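Source file: final.pdb (PDB, C-alpha atoms and all ligand atoms)
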ATOM      1  CA  MET A   1      90.389 135.040 112.450
ATOM      2  CA  SER A   2      88.067 132.032 112.164
ATOM      3  CA  ARG A   3      87.322 131.257 115.829
ATOM      4  CA  ILE A   4      88.806 131.184 119.288
ATOM      5  CA  THR A   5      89.096 127.743 120.860
ATOM      6  CA  GLY A   6      90.394 126.254 124.077
ATOM      7  CA  THR A   7      93.781 125.817 122.435
ATOM      8  CA  THR A   8      94.112 129.271 120.898
ATOM      9  CA  ARG A   9      97.567 130.723 121.488
ATOM     10  CA  VAL A  10      97.262 134.206 122.990
ATOM     11  CA  ALA A  11      99.741 137.030 122.454
ATOM     12  CA  GLY A  12      99.470 140.791 122.306
ATOM     13  CA  VAL A  13     100.935 144.210 122.845
ATOM     14  CA  ILE A  14     100.805 146.211 126.070
ATOM     15  CA  GLY A  15     101.104 149.972 126.212
ATOM     16  CA  ARG A  16      99.265 153.008 127.540
ATOM     17  CA  PRO A  17      97.672 154.267 125.403
ATOM     18  CA  VAL A  18      97.621 151.295 123.062
ATOM     19  CA  ALA A  19      94.433 151.632 121.000
ATOM     20  CA  HIS A  20      96.377 153.358 118.197
ATOM     21  CA  SER A  21      98.841 150.437 117.897
ATOM     22  CA  LEU A  22      99.194 148.866 114.450
ATOM     23  CA  SER A  23     100.674 145.680 115.928
ATOM     24  CA  PRO A  24      97.315 143.798 116.223
ATOM     25  CA  LEU A  25      96.542 144.556 112.567
ATOM     26  CA  ILE A  26      99.980 143.330 111.456
ATOM     27  CA  HIS A  27     100.182 140.187 113.630
ATOM     28  CA  ASN A  28      96.564 139.083 113.081
ATOM     29  CA  ALA A  29      97.013 139.424 109.304
ATOM     30  CA  TRP A  30     100.026 137.108 109.551
ATOM     31  CA  ILE A  31      98.143 134.720 111.892
ATOM     32  CA  ASP A  32      95.246 134.489 109.416
ATOM     33  CA  ALA A  33      97.517 133.951 106.414
ATOM     34  CA  ALA A  34      99.482 131.258 108.261
ATOM     35  CA  GLY A  35      96.257 129.568 109.407
ATOM     36  CA  LEU A  36      97.376 129.580 113.050
ATOM     37  CA  ASP A  37      95.077 128.906 116.006
ATOM     38  CA  ALA A  38      96.181 132.147 117.640
ATOM     39  CA  VAL A  39      95.104 135.683 118.453
ATOM     40  CA  TYR A  40      97.016 138.935 119.065
ATOM     41  CA  LEU A  41      95.376 141.572 121.294
ATOM     42  CA  ALA A  42      96.068 145.132 122.455
ATOM     43  CA  LEU A  43      96.037 145.468 126.249
ATOM     44  CA  SER A  44      96.489 148.500 128.444
ATOM     45  CA  PRO A  45      97.158 147.721 132.121
ATOM     46  CA  SER A  46      97.418 150.761 134.364
ATOM     47  CA  GLY A  47     100.987 151.553 135.377
ATOM     48  CA  ASP A  48     100.445 150.540 139.037
ATOM     49  CA  TRP A  49      99.265 147.090 137.940
ATOM     50  CA  LEU A  50     101.896 146.412 135.312
ATOM     51  CA  GLY A  51     103.927 144.145 137.611
ATOM     52  CA  PRO A  52     100.973 142.010 138.800
ATOM     53  CA  PHE A  53      99.627 141.891 135.239
ATOM     54  CA  ILE A  54     102.900 140.620 133.775
ATOM     55  CA  ASN A  55     103.521 138.218 136.634
ATOM     56  CA  GLY A  56      99.994 136.862 136.120
ATOM     57  CA  CYS A  57     100.938 135.865 132.577
ATOM     58  CA  ARG A  58     103.626 133.469 133.838
ATOM     59  CA  GLY A  59     103.271 129.805 133.105
ATOM     60  CA  GLY A  60     102.527 129.872 129.405
ATOM     61  CA  LEU A  61      98.874 130.984 129.585
ATOM     62  CA  VAL A  62      99.939 133.875 127.392
ATOM     63  CA  ALA A  63     102.675 133.080 124.856
ATOM     64  CA  GLY A  64     104.193 136.516 124.972
ATOM     65  CA  LEU A  65     103.666 140.247 124.790
ATOM     66  CA  ASN A  66     105.152 143.032 122.770
ATOM     67  CA  VAL A  67     105.720 146.099 124.909
ATOM     68  CA  THR A  68     105.385 149.710 123.862
ATOM     69  CA  LEU A  69     105.452 153.135 125.547
ATOM     70  CA  PRO A  70     105.678 153.743 128.446
ATOM     71  CA  PHE A  71     106.446 150.215 129.721
ATOM     72  CA  LYS A  72     109.619 149.139 127.898
ATOM     73  CA  THR A  73     112.110 149.859 130.698
ATOM     74  CA  HIS A  74     109.857 148.486 133.437
ATOM     75  CA  ALA A  75     109.194 145.358 131.376
ATOM     76  CA  LEU A  76     112.927 144.611 131.235
ATOM     77  CA  GLU A  77     113.146 144.937 135.034
ATOM     78  CA  LEU A  78     110.244 142.505 135.507
ATOM     79  CA  ALA A  79     111.821 139.752 133.411
ATOM     80  CA  ASP A  80     113.860 136.869 134.882
ATOM     81  CA  ARG A  81     116.384 136.937 132.069
ATOM     82  CA  ALA A  82     117.102 139.114 129.081
ATOM     83  CA  SER A  83     118.854 138.858 125.758
ATOM     84  CA  GLU A  84     122.117 140.744 125.282
ATOM     85  CA  ARG A  85     120.398 143.208 122.933
ATOM     86  CA  ALA A  86     117.648 143.937 125.470
ATOM     87  CA  TRP A  87     120.272 144.662 128.140
ATOM     88  CA  ARG A  88     122.228 146.924 125.824
ATOM     89  CA  ALA A  89     119.060 148.733 124.761
ATOM     90  CA  GLY A  90     118.013 149.052 128.430
ATOM     91  CA  ALA A  91     114.479 148.123 127.413
ATOM     92  CA  ALA A  92     112.289 145.206 126.338
ATOM     93  CA  ASN A  93     109.790 145.360 123.491
ATOM     94  CA  LEU A  94     109.076 141.625 123.799
ATOM     95  CA  LEU A  95     108.356 139.385 126.799
ATOM     96  CA  LEU A  96     108.091 135.634 126.345
ATOM     97  CA  PHE A  97     106.352 133.475 128.969
ATOM     98  CA  GLY A  98     107.815 129.995 129.177
ATOM     99  CA  GLU A  99     106.086 126.922 130.541
ATOM    100  CA  ASP A 100     108.780 126.962 133.269
ATOM    101  CA  ASP A 101     107.072 130.094 134.707
ATOM    102  CA  GLN A 102     110.016 132.244 133.650
ATOM    103  CA  ILE A 103     109.828 135.534 131.769
ATOM    104  CA  ALA A 104     112.425 136.188 129.060
ATOM    105  CA  ALA A 105     112.919 139.721 127.753
ATOM    106  CA  ASP A 106     114.090 140.607 124.274
ATOM    107  CA  ASN A 107     114.304 143.721 122.152
ATOM    108  CA  THR A 108     113.654 143.546 118.413
ATOM    109  CA  ASP A 109     113.492 147.330 117.809
ATOM    110  CA  GLY A 110     117.143 147.424 116.722
ATOM    111  CA  LEU A 111     116.527 144.621 114.229
ATOM    112  CA  GLY A 112     113.582 146.667 112.957
ATOM    113  CA  LEU A 113     115.751 149.733 112.467
ATOM    114  CA  ILE A 114     118.397 147.828 110.518
ATOM    115  CA  ALA A 115     115.702 146.037 108.461
ATOM    116  CA  ALA A 116     114.085 149.386 107.604
ATOM    117  CA  PHE A 117     117.399 150.710 106.247
ATOM    118  CA  ALA A 118     117.920 147.496 104.280
ATOM    119  CA  ALA A 119     114.432 147.785 102.750
ATOM    120  CA  GLN A 120     114.295 151.487 101.926
ATOM    121  CA  ALA A 121     117.978 152.458 101.600
ATOM    122  CA  PRO A 122     119.404 149.215 100.179
ATOM    123  CA  GLY A 123     122.650 150.848  99.029
ATOM    124  CA  PHE A 124     123.474 152.012 102.549
ATOM    125  CA  ASP A 125     126.313 150.152 104.267
ATOM    126  CA  ILE A 126     126.560 151.098 107.918
ATOM    127  CA  VAL A 127     129.996 149.612 108.558
ATOM    128  CA  GLY A 128     132.536 152.287 109.433
ATOM    129  CA  GLN A 129     129.999 155.118 109.083
ATOM    130  CA  ILE A 130     129.075 158.082 111.262
ATOM    131  CA  VAL A 131     125.381 158.088 112.213
ATOM    132  CA  THR A 132     123.685 161.060 113.884
ATOM    133  CA  VAL A 133     120.738 160.226 116.148
ATOM    134  CA  LEU A 134     118.378 162.916 117.466
ATOM    135  CA  GLY A 135     117.220 161.973 120.971
ATOM    136  CA  ALA A 136     118.501 159.944 123.886
ATOM    137  CA  GLY A 137     115.346 158.248 125.147
ATOM    138  CA  GLY A 138     114.597 154.537 125.061
ATOM    139  CA  ALA A 139     114.327 154.398 121.272
ATOM    140  CA  ALA A 140     117.634 156.248 120.821
ATOM    141  CA  ARG A 141     119.429 153.897 123.192
ATOM    142  CA  GLY A 142     118.087 150.868 121.359
ATOM    143  CA  ALA A 143     119.036 152.442 118.026
ATOM    144  CA  ALA A 144     122.539 153.324 119.234
ATOM    145  CA  ALA A 145     123.063 149.774 120.507
ATOM    146  CA  ALA A 146     121.927 148.320 117.180
ATOM    147  CA  LEU A 147     124.021 150.759 115.128
ATOM    148  CA  VAL A 148     127.178 150.053 117.140
ATOM    149  CA  GLY A 149     126.414 146.336 116.891
ATOM    150  CA  ALA A 150     126.030 146.630 113.110
ATOM    151  CA  GLY A 151     129.462 148.227 112.782
ATOM    152  CA  ALA A 152     128.909 152.001 112.826
ATOM    153  CA  ALA A 153     132.198 153.783 113.572
ATOM    154  CA  VAL A 154     130.540 156.574 115.569
ATOM    155  CA  VAL A 155     127.010 157.261 116.787
ATOM    156  CA  ARG A 156     126.433 160.939 117.597
ATOM    157  CA  LEU A 157     123.587 161.504 120.018
ATOM    158  CA  VAL A 158     122.005 164.960 119.933
ATOM    159  CA  ASN A 159     119.760 165.529 122.930
ATOM    160  CA  ARG A 160     118.108 168.298 124.919
ATOM    161  CA  THR A 161     119.101 166.632 128.197
ATOM    162  CA  ARG A 162     122.806 166.031 127.761
ATOM    163  CA  GLU A 163     123.154 163.695 130.776
ATOM    164  CA  ARG A 164     120.735 161.212 129.230
ATOM    165  CA  ALA A 165     122.948 160.934 126.151
ATOM    166  CA  GLU A 166     126.064 160.664 128.325
ATOM    167  CA  GLN A 167     124.501 157.768 130.254
ATOM    168  CA  ILE A 168     124.040 155.903 126.962
ATOM    169  CA  GLY A 169     127.729 156.504 126.222
ATOM    170  CA  GLU A 170     128.638 155.015 129.603
ATOM    171  CA  VAL A 171     126.813 151.803 128.697
ATOM    172  CA  LEU A 172     127.697 151.513 125.012
ATOM    173  CA  GLY A 173     131.266 152.792 125.053
ATOM    174  CA  ASP A 174     133.445 155.273 123.241
ATOM    175  CA  ARG A 175     131.807 154.946 119.837
ATOM    176  CA  ILE A 176     129.044 157.149 121.297
ATOM    177  CA  GLN A 177     129.565 160.915 121.069
ATOM    178  CA  VAL A 178     127.301 163.483 122.697
ATOM    179  CA  PHE A 179     126.130 166.784 121.189
ATOM    180  CA  GLY A 180     123.664 169.527 122.161
ATOM    181  CA  TRP A 181     121.027 170.903 119.764
ATOM    182  CA  ASP A 182     123.209 174.015 119.438
ATOM    183  CA  GLN A 183     125.958 171.834 117.933
ATOM    184  CA  LEU A 184     123.939 170.449 115.003
ATOM    185  CA  PRO A 185     126.380 171.578 112.286
ATOM    186  CA  ALA A 186     129.174 169.647 114.012
ATOM    187  CA  ALA A 187     126.871 166.662 114.587
ATOM    188  CA  PHE A 188     125.945 166.626 110.863
ATOM    189  CA  ASP A 189     129.513 166.942 109.591
ATOM    190  CA  GLY A 190     130.434 163.781 107.645
ATOM    191  CA  ALA A 191     127.319 161.863 108.779
ATOM    192  CA  ALA A 192     126.142 159.033 106.526
ATOM    193  CA  ALA A 193     122.702 158.909 108.167
ATOM    194  CA  LEU A 194     120.443 161.037 110.348
ATOM    195  CA  ILE A 195     117.801 159.355 112.511
ATOM    196  CA  ASN A 196     115.065 161.137 114.460
ATOM    197  CA  SER A 197     114.311 159.148 117.600
ATOM    198  CA  THR A 198     112.766 161.997 119.556
ATOM    199  CA  SER A 199     109.006 162.141 119.960
ATOM    200  CA  LEU A 200     109.028 165.467 118.087
ATOM    201  CA  GLY A 201     107.001 165.479 114.877
ATOM    202  CA  LEU A 202     104.326 163.116 116.201
ATOM    203  CA  GLU A 203     100.835 164.010 114.916
ATOM    204  CA  GLY A 204      99.232 166.562 117.246
ATOM    205  CA  GLY A 205     102.473 167.024 119.195
ATOM    206  CA  GLU A 206     105.368 169.434 119.095
ATOM    207  CA  PRO A 207     106.966 169.776 115.652
ATOM    208  CA  LEU A 208     110.574 168.928 114.894
ATOM    209  CA  THR A 209     112.026 172.068 113.380
ATOM    210  CA  LEU A 210     115.558 171.808 112.121
ATOM    211  CA  SER A 211     117.523 172.764 109.051
ATOM    212  CA  LEU A 212     119.271 170.015 107.150
ATOM    213  CA  ASP A 213     121.967 172.477 106.026
ATOM    214  CA  GLY A 214     125.358 170.902 106.530
ATOM    215  CA  LEU A 215     124.078 167.324 106.294
ATOM    216  CA  PRO A 216     126.009 165.575 103.497
ATOM    217  CA  ALA A 217     123.859 165.189 100.357
ATOM    218  CA  ALA A 218     124.374 161.406 100.368
ATOM    219  CA  ALA A 219     123.141 161.022 103.957
ATOM    220  CA  VAL A 220     120.093 158.791 104.471
ATOM    221  CA  VAL A 221     117.396 160.408 106.649
ATOM    222  CA  MET A 222     115.192 158.221 108.846
ATOM    223  CA  ASP A 223     112.308 159.158 111.161
ATOM    224  CA  MET A 224     111.078 156.688 113.783
ATOM    225  CA  VAL A 225     107.835 158.648 114.065
ATOM    226  CA  TYR A 226     105.276 157.012 111.741
ATOM    227  CA  ARG A 227     102.185 159.104 112.438
ATOM    228  CA  PRO A 228     102.203 160.866 110.046
ATOM    229  CA  LEU A 229     104.075 158.479 107.776
ATOM    230  CA  ARG A 230     105.671 161.348 105.850
ATOM    231  CA  THR A 231     106.850 163.557 108.686
ATOM    232  CA  PRO A 232     107.961 167.136 107.968
ATOM    233  CA  LEU A 233     111.554 165.888 108.439
ATOM    234  CA  LEU A 234     111.129 163.204 105.759
ATOM    235  CA  ILE A 235     109.344 165.628 103.411
ATOM    236  CA  ALA A 236     112.173 168.167 103.756
ATOM    237  CA  ALA A 237     114.820 165.465 103.368
ATOM    238  CA  ALA A 238     113.201 164.015 100.231
ATOM    239  CA  ALA A 239     112.880 167.527  98.766
ATOM    240  CA  SER A 240     116.643 167.975  99.297
ATOM    241  CA  GLY A 241     117.354 164.711  97.492
ATOM    242  CA  HIS A 242     118.127 162.519 100.520
ATOM    243  CA  THR A 243     117.114 158.864 100.539
ATOM    244  CA  ILE A 244     114.471 158.476 103.272
ATOM    245  CA  VAL A 245     113.481 155.629 105.580
ATOM    246  CA  ASP A 246     110.194 155.727 107.506
ATOM    247  CA  GLY A 247     109.115 154.576 110.953
ATOM    248  CA  LEU A 248     106.437 152.196 109.646
ATOM    249  CA  GLU A 249     109.124 150.080 107.995
ATOM    250  CA  MET A 250     110.914 149.912 111.373
ATOM    251  CA  LEU A 251     107.669 148.913 113.104
ATOM    252  CA  ILE A 252     107.153 146.086 110.611
ATOM    253  CA  GLY A 253     110.848 145.184 110.890
ATOM    254  CA  GLN A 254     110.549 144.667 114.657
ATOM    255  CA  ALA A 255     107.246 142.810 114.279
ATOM    256  CA  ARG A 256     108.753 140.067 112.070
ATOM    257  CA  PRO A 257     111.199 138.634 114.645
ATOM    258  CA  SER A 258     108.578 139.213 117.361
ATOM    259  CA  PHE A 259     106.069 137.068 115.447
ATOM    260  CA  GLU A 260     108.622 134.316 114.989
ATOM    261  CA  ALA A 261     109.414 134.318 118.722
ATOM    262  CA  LEU A 262     105.717 134.343 119.687
ATOM    263  CA  PHE A 263     104.410 131.771 117.229
ATOM    264  CA  GLY A 264     107.456 129.646 116.400
ATOM    265  CA  GLN A 265     107.529 130.366 112.685
ATOM    266  CA  PRO A 266     108.402 133.327 110.455
ATOM    267  CA  PRO A 267     105.497 135.469 109.231
ATOM    268  CA  PRO A 268     104.126 134.475 105.816
ATOM    269  CA  VAL A 269     105.818 136.534 103.127
ATOM    270  CA  GLU A 270     102.768 136.846 100.901
ATOM    271  CA  VAL A 271     100.932 139.319 103.161
ATOM    272  CA  ASP A 272     101.641 142.987 102.408
ATOM    273  CA  VAL A 273     101.273 144.270 105.961
ATOM    274  CA  ARG A 274     102.630 147.668 104.958
ATOM    275  CA  ALA A 275      99.713 148.149 102.539
ATOM    276  CA  LEU A 276      97.291 146.957 105.243
ATOM    277  CA  ALA A 277      98.772 149.370 107.784
ATOM    278  CA  LEU A 278      98.430 152.229 105.316
ATOM    279  CA  ALA A 279      94.864 151.364 104.350
ATOM    280  CA  GLY A 280      93.279 149.976 107.502
ATOM    281  CA  PRO A 281      91.539 151.628 110.441
ATOM    282  CA  GLY A 282      94.037 153.784 112.371
ATOM    283  CA  ALA A 283      96.219 153.887 109.271
ATOM    284  CA  ALA A 284      99.741 155.211 109.601
ATOM    285  CA  ALA A 285      99.440 157.598 106.643
TER     286      ALA A 285
HETATM  287  P1  LIG R 301     111.260 158.688 125.261
HETATM  288  O1  LIG R 301     112.085 157.708 125.997
HETATM  289  O2  LIG R 301     110.147 159.413 125.956
HETATM  290  O3  LIG R 301     112.294 159.788 124.640
HETATM  291  C1  LIG R 301     111.807 160.959 124.028
HETATM  292  C2  LIG R 301     112.984 161.696 123.383
HETATM  293  O4  LIG R 301     112.448 162.881 122.737
HETATM  294  C3  LIG R 301     114.040 162.190 124.373
HETATM  295  O5  LIG R 301     115.294 162.224 123.738
HETATM  296  C4  LIG R 301     113.567 163.636 124.654
HETATM  297  O6  LIG R 301     114.604 164.498 125.076
HETATM  298  C5  LIG R 301     113.099 164.042 123.287
HETATM  299  N1  LIG R 301     112.157 165.162 123.373
HETATM  300  C6  LIG R 301     110.861 165.079 123.761
HETATM  301  N2  LIG R 301     110.319 166.327 123.724
HETATM  302  C7  LIG R 301     111.314 167.175 123.314
HETATM  303  C8  LIG R 301     111.375 168.587 123.083
HETATM  304  N3  LIG R 301     110.301 169.363 123.260
HETATM  305  N4  LIG R 301     112.537 169.110 122.648
HETATM  306  C9  LIG R 301     113.637 168.331 122.460
HETATM  307  N5  LIG R 301     113.639 166.982 122.666
HETATM  308  C10 LIG R 301     112.485 166.417 123.094
HETATM  309  O7  LIG R 301     110.568 158.022 123.985
HETATM  310  P2  LIG R 301     111.171 156.830 123.092
HETATM  311  O8  LIG R 301     110.705 155.520 123.584
HETATM  312  O9  LIG R 301     112.618 157.055 122.936
HETATM  313  O10 LIG R 301     110.397 157.072 121.693
HETATM  314  C11 LIG R 301     110.734 158.188 120.880
HETATM  315  C12 LIG R 301     109.922 158.133 119.576
HETATM  316  O11 LIG R 301     110.307 157.004 118.787
HETATM  317  C13 LIG R 301     108.407 158.013 119.787
HETATM  318  O12 LIG R 301     107.762 158.867 118.874
HETATM  319  C14 LIG R 301     108.126 156.559 119.476
HETATM  320  O13 LIG R 301     106.792 156.362 119.006
HETATM  321  C15 LIG R 301     109.136 156.323 118.358
HETATM  322  N6  LIG R 301     109.457 154.880 118.190
HETATM  323  C16 LIG R 301     109.152 154.308 116.995
HETATM  324  C17 LIG R 301     109.453 152.969 116.786
HETATM  325  C18 LIG R 301     109.122 152.344 115.465
HETATM  326  O14 LIG R 301     109.082 151.108 115.378
HETATM  327  N7  LIG R 301     108.924 153.132 114.417
HETATM  328  C19 LIG R 301     110.032 152.196 117.813
HETATM  329  C20 LIG R 301     110.346 152.823 119.025
HETATM  330  C21 LIG R 301     110.035 154.177 119.201
HETATM  331  P3  LIG R 301     114.963 164.625 126.667
HETATM  332  O15 LIG R 301     115.824 163.438 126.999
HETATM  333  O16 LIG R 301     115.680 165.914 126.758
HETATM  334  O17 LIG R 301     113.646 164.623 127.390
END

Take the structure in this file and express it as structure tokens.
Ligand code: NAP
Amino acid sequence: MSRITGTTRVAGVIGRPVAHSLSPLIHNAWIDAAGLDAVYLALSPSGDWLGPFINGCRGGLVAGLNVTLPFKTHALELADRASERAWRAGAANLLLFGEDDQIAADNTDGLGLIAAFAAQAPGFDIVGQIVTVLGAGGAARGAAAALVGAGAAVVRLVNRTRERAEQIGEVLGDRIQVFGWDQLPAAFDGAAALINSTSLGLEGGEPLTLSLDGLPAAAVVMDMVYRPLRTPLLIAAAASGHTIVDGLEMLIGQARPSFEALFGQPPPVEVDVRALALAGPGAAA
């Protein structure tokens, strides 16, 4: 970043905590390579002040904000209008502040998920397939919406709290099926992909312990958790010969359309942000 001027376009990510976020590293690398007069910051308003904070960004002073945990649902509620995919996901990971004082919500997480599969499992065609998703939180809902939108025949949600998964089915329709953790063999039967969208397996948190027995050998295994990059689920899946897709690729996949919306141009292709994210401070690996 050369310097900040009176015309510097300001964007960022809000979350709590947010210091661990790789988004500033990714977006600022793209800003530098594109030679933009812009900056991308990490900001952490306290939950009570989220509404005033976001409302204070109205009017184009801030171009836009990515939104991460735990603010995605609240951010959607604070917006004046939302894209179809944000409504279906029930969450916003991107707020854009127009010069008309309006706030527009979007959600690029689903695009990130599909892009990650395209990059790391290029032979995988989702159309007509059964996909098993572990979890029924915000990330699972966004994933289920994107998978249904991309043509999956069935999305099986496996969740500890069954009602949460059933609520997603009420919104997204009868291509959603609900399973308990005690029904894993049935949830795995015939699945073309398995996606972990629970917070289990996160570094320093509770582990995700499950057997992949019964998952078809050709099934692609994806983990949204990217700290560590190679989660125990991905290590076990790779050892069993499954193609694997990691959460960092999804993070980068959602960042690309976010950058374009924030700065009005696609990110420069010559920057290897994955290598930067793996090597830089707070690396994903
Ligand atoms: P969330 O709304 O808090 O949902 C958490 C999910 O994990 C729920 O399904 C919850 O089940 C389940 N869970 C938590 N603890 C559990 C336990 N001890 N046993 C069984 N299930 C448990 O969080 P989220 O927004 O969906 O995010 C989930 C994960 O995805 C996070 O690790 C997040 O960082 C990651 N993510 C990654 C990307 C990316 O770009 N790579 C994007 C979005 C999210 P209950 O419903 O029963 O509580």

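Restricting the calculation to all atoms listed in the file, the smallest distance between ligand LIG 301 (chain R) and any of A:Gly142, A:Pro268, A:Gly204, A:Gly151 is found for A:Gly142.
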
**Request:** Give me the result of the PyMOL selection byres (((chain A and resi 68) around 9) and not hetatm) on this file, residue by residue, as a ChimeraX atom specification.
**Result:** /A:13-16,18,21,66-67,69-72,92-94

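Minimum distance to ligand LIG 301 (chain R) across A:Ala187, A:Ile114, A:Ala42, A:Val269 (counting all atoms listed in the file) occurs at A:Ile114.
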
Enclose all atoms of ligand LIG 301 (chain R) listed in the file in an axis-aligned box, grow every side by 5 Å, and hand back centre and edge lengths in Å to one decimal, as AutoDock Vina command-line options.
--center_x 111.3 --center_y 160.2 --center_z 120.9 --size_x 19.0 --size_y 28.3 --size_z 23.0

**Asked** Which chains and residue numbers are within 7 Å of ligand LIG 301 (chain R), counting only C-alpha atoms and all ligand atoms, if I want them as a count of residues only?
**Response** 27

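CA of Ala218 (chain A) is found 28.9 Å from CA of Ala255 (chain A).
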
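Between CA of Pro185 (chain A) and CA of Gly214 (chain A) the separation is 5.9 Å.
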
**Request:** May I ask for the distance between CA of Asp32 (chain A) and CA of Glu249 (chain A), given in Å to one decimal place?
**Result:** 20.9 Å

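Near (118.4, 160.2, 102.0), the residues inside the 8 Å limit, counting all atoms listed in the file, come to Ala121, Ala193, Ala217, Ala218, Ala219, Val220, Val221, Met222, Ala237, Ala238, Gly241, His242, Thr243, Ile244 and Val245 of chain A.
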
**Asked** With distances taken over only C-alpha atoms, which of A:Pro216, A:Gly180, A:Pro228, A:Pro122 is nearest to Ala165 (chain A)?
**Response** A:Gly180

**Prompt:** Written as a PyMOL selection string, which residues does the PyMOL selection byres (((chain A and resi 22) around 10) and not hetatm) give for the file shown?
**Reply:** chain A and resi 13+18-21+23-27+42+248+251-252+273+276-278+280-284

Would you mind exporting the chosen residues as a CSV table (one decimal), in the frame of the given file, restricted to C-alpha atoms?
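File written: result20.csv
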chain,number,residue,atom,x,y,z
A,13,VAL,CA,100.9,144.2,122.8
A,18,VAL,CA,97.6,151.3,123.1
A,19,ALA,CA,94.4,151.6,121.0
A,20,HIS,CA,96.4,153.4,118.2
A,21,SER,CA,98.8,150.4,117.9
A,23,SER,CA,100.7,145.7,115.9
A,24,PRO,CA,97.3,143.8,116.2
A,25,LEU,CA,96.5,144.6,112.6
A,26,ILE,CA,100.0,143.3,111.5
A,27,HIS,CA,100.2,140.2,113.6
A,42,ALA,CA,96.1,145.1,122.5
A,248,LEU,CA,106.4,152.2,109.6
A,251,LEU,CA,107.7,148.9,113.1
A,252,ILE,CA,107.2,146.1,110.6
A,273,VAL,CA,101.3,144.3,106.0
A,276,LEU,CA,97.3,147.0,105.2
A,277,ALA,CA,98.8,149.4,107.8
A,278,LEU,CA,98.4,152.2,105.3
A,280,GLY,CA,93.3,150.0,107.5
A,281,PRO,CA,91.5,151.6,110.4
A,282,GLY,CA,94.0,153.8,112.4
A,283,ALA,CA,96.2,153.9,109.3
A,284,ALA,CA,99.7,155.2,109.6

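The residue that comes closest to Phe53 (chain A), out of A:Val158, A:Leu172, A:Leu210, A:Leu65 and on the basis of only C-alpha atoms, is A:Leu65.
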
**Prompt:** Contacts of region 123-132 of chain A at 8 Å or less, counting all atoms listed in the file, minus same-chain residues fewer than 5 places along, as a PyMOL selection string?
**Reply:** chain A and resi 117-118+147+150-158+187-188+190-195+220

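Proximity of A:Leu96, A:Asp182, A:Asn196, A:Gln177 to Gly264 (chain A), computed with all atoms listed in the file, is greatest for A:Leu96.
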
What do you get, as a short mmCIF file (atom, residue, chain, number, x, y, z; two decimals) with C-alpha atoms, in the frame of the given file, if you spell out every residue that the PyMOL selection byres (((chain A and resi 87) around 12) and not hetatm) selects here?
data_model
loop_
_atom_site.label_atom_id
_atom_site.label_comp_id
_atom_site.auth_asym_id
_atom_site.auth_seq_id
_atom_site.Cartn_x
_atom_site.Cartn_y
_atom_site.Cartn_z
CA LYS A 72 109.62 149.14 127.90
CA THR A 73 112.11 149.86 130.70
CA ALA A 75 109.19 145.36 131.38
CA LEU A 76 112.93 144.61 131.24
CA GLU A 77 113.15 144.94 135.03
CA ALA A 79 111.82 139.75 133.41
CA ARG A 81 116.38 136.94 132.07
CA ALA A 82 117.10 139.11 129.08
CA SER A 83 118.85 138.86 125.76
CA GLU A 84 122.12 140.74 125.28
CA ARG A 85 120.40 143.21 122.93
CA ALA A 86 117.65 143.94 125.47
CA ARG A 88 122.23 146.92 125.82
CA ALA A 89 119.06 148.73 124.76
CA GLY A 90 118.01 149.05 128.43
CA ALA A 91 114.48 148.12 127.41
CA ALA A 92 112.29 145.21 126.34
CA ASN A 93 109.79 145.36 123.49
CA ALA A 104 112.42 136.19 129.06
CA ALA A 105 112.92 139.72 127.75
CA ASP A 106 114.09 140.61 124.27
CA ASN A 107 114.30 143.72 122.15
CA THR A 108 113.65 143.55 118.41
CA GLY A 138 114.60 154.54 125.06
CA ARG A 141 119.43 153.90 123.19
CA GLY A 142 118.09 150.87 121.36
CA ALA A 145 123.06 149.77 120.51
CA ALA A 146 121.93 148.32 117.18
CA ILE A 168 124.04 155.90 126.96
CA VAL A 171 126.81 151.80 128.70
CA LEU A 172 127.70 151.51 125.01
#

Could I get region 23-30 of chain A from the block written out with N, CA and C atoms, as a PDB file, in the first residue's frame?
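Heads up, here's the output in decode.pdb:
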ATOM      1  N   SER A  23      -8.804 -12.046   5.328  1.00  0.00           N
ATOM      2  CA  SER A  23      -9.365 -11.183   4.280  1.00  0.00           C
ATOM      3  C   SER A  23      -8.534  -9.928   4.020  1.00  0.00           C
ATOM      4  N   PRO A  24      -8.008  -9.215   5.071  1.00  0.00           N
ATOM      5  CA  PRO A  24      -7.175  -8.041   4.772  1.00  0.00           C
ATOM      6  C   PRO A  24      -5.943  -8.395   3.949  1.00  0.00           C
ATOM      7  N   LEU A  25      -5.301  -9.519   4.283  1.00  0.00           N
ATOM      8  CA  LEU A  25      -4.115  -9.950   3.533  1.00  0.00           C
ATOM      9  C   LEU A  25      -4.478 -10.168   2.060  1.00  0.00           C
ATOM     10  N   ILE A  26      -5.580 -10.864   1.823  1.00  0.00           N
ATOM     11  CA  ILE A  26      -5.990 -11.208   0.457  1.00  0.00           C
ATOM     12  C   ILE A  26      -6.368  -9.936  -0.321  1.00  0.00           C
ATOM     13  N   HIS A  27      -7.261  -9.118   0.256  1.00  0.00           N
ATOM     14  CA  HIS A  27      -7.767  -7.951  -0.484  1.00  0.00           C
ATOM     15  C   HIS A  27      -6.671  -6.898  -0.690  1.00  0.00           C
ATOM     16  N   ASN A  28      -5.821  -6.679   0.333  1.00  0.00           N
ATOM     17  CA  ASN A  28      -4.777  -5.658   0.162  1.00  0.00           C
ATOM     18  C   ASN A  28      -3.724  -6.090  -0.859  1.00  0.00           C
ATOM     19  N   ALA A  29      -3.493  -7.414  -0.960  1.00  0.00           N
ATOM     20  CA  ALA A  29      -2.568  -7.900  -1.999  1.00  0.00           C
ATOM     21  C   ALA A  29      -3.160  -7.595  -3.376  1.00  0.00           C
ATOM     22  N   TRP A  30      -4.444  -7.813  -3.538  1.00  0.00           N
ATOM     23  CA  TRP A  30      -5.095  -7.506  -4.820  1.00  0.00           C
ATOM     24  C   TRP A  30      -5.099  -6.000  -5.086  1.00  0.00           C
TER      25      TRP A  30
END
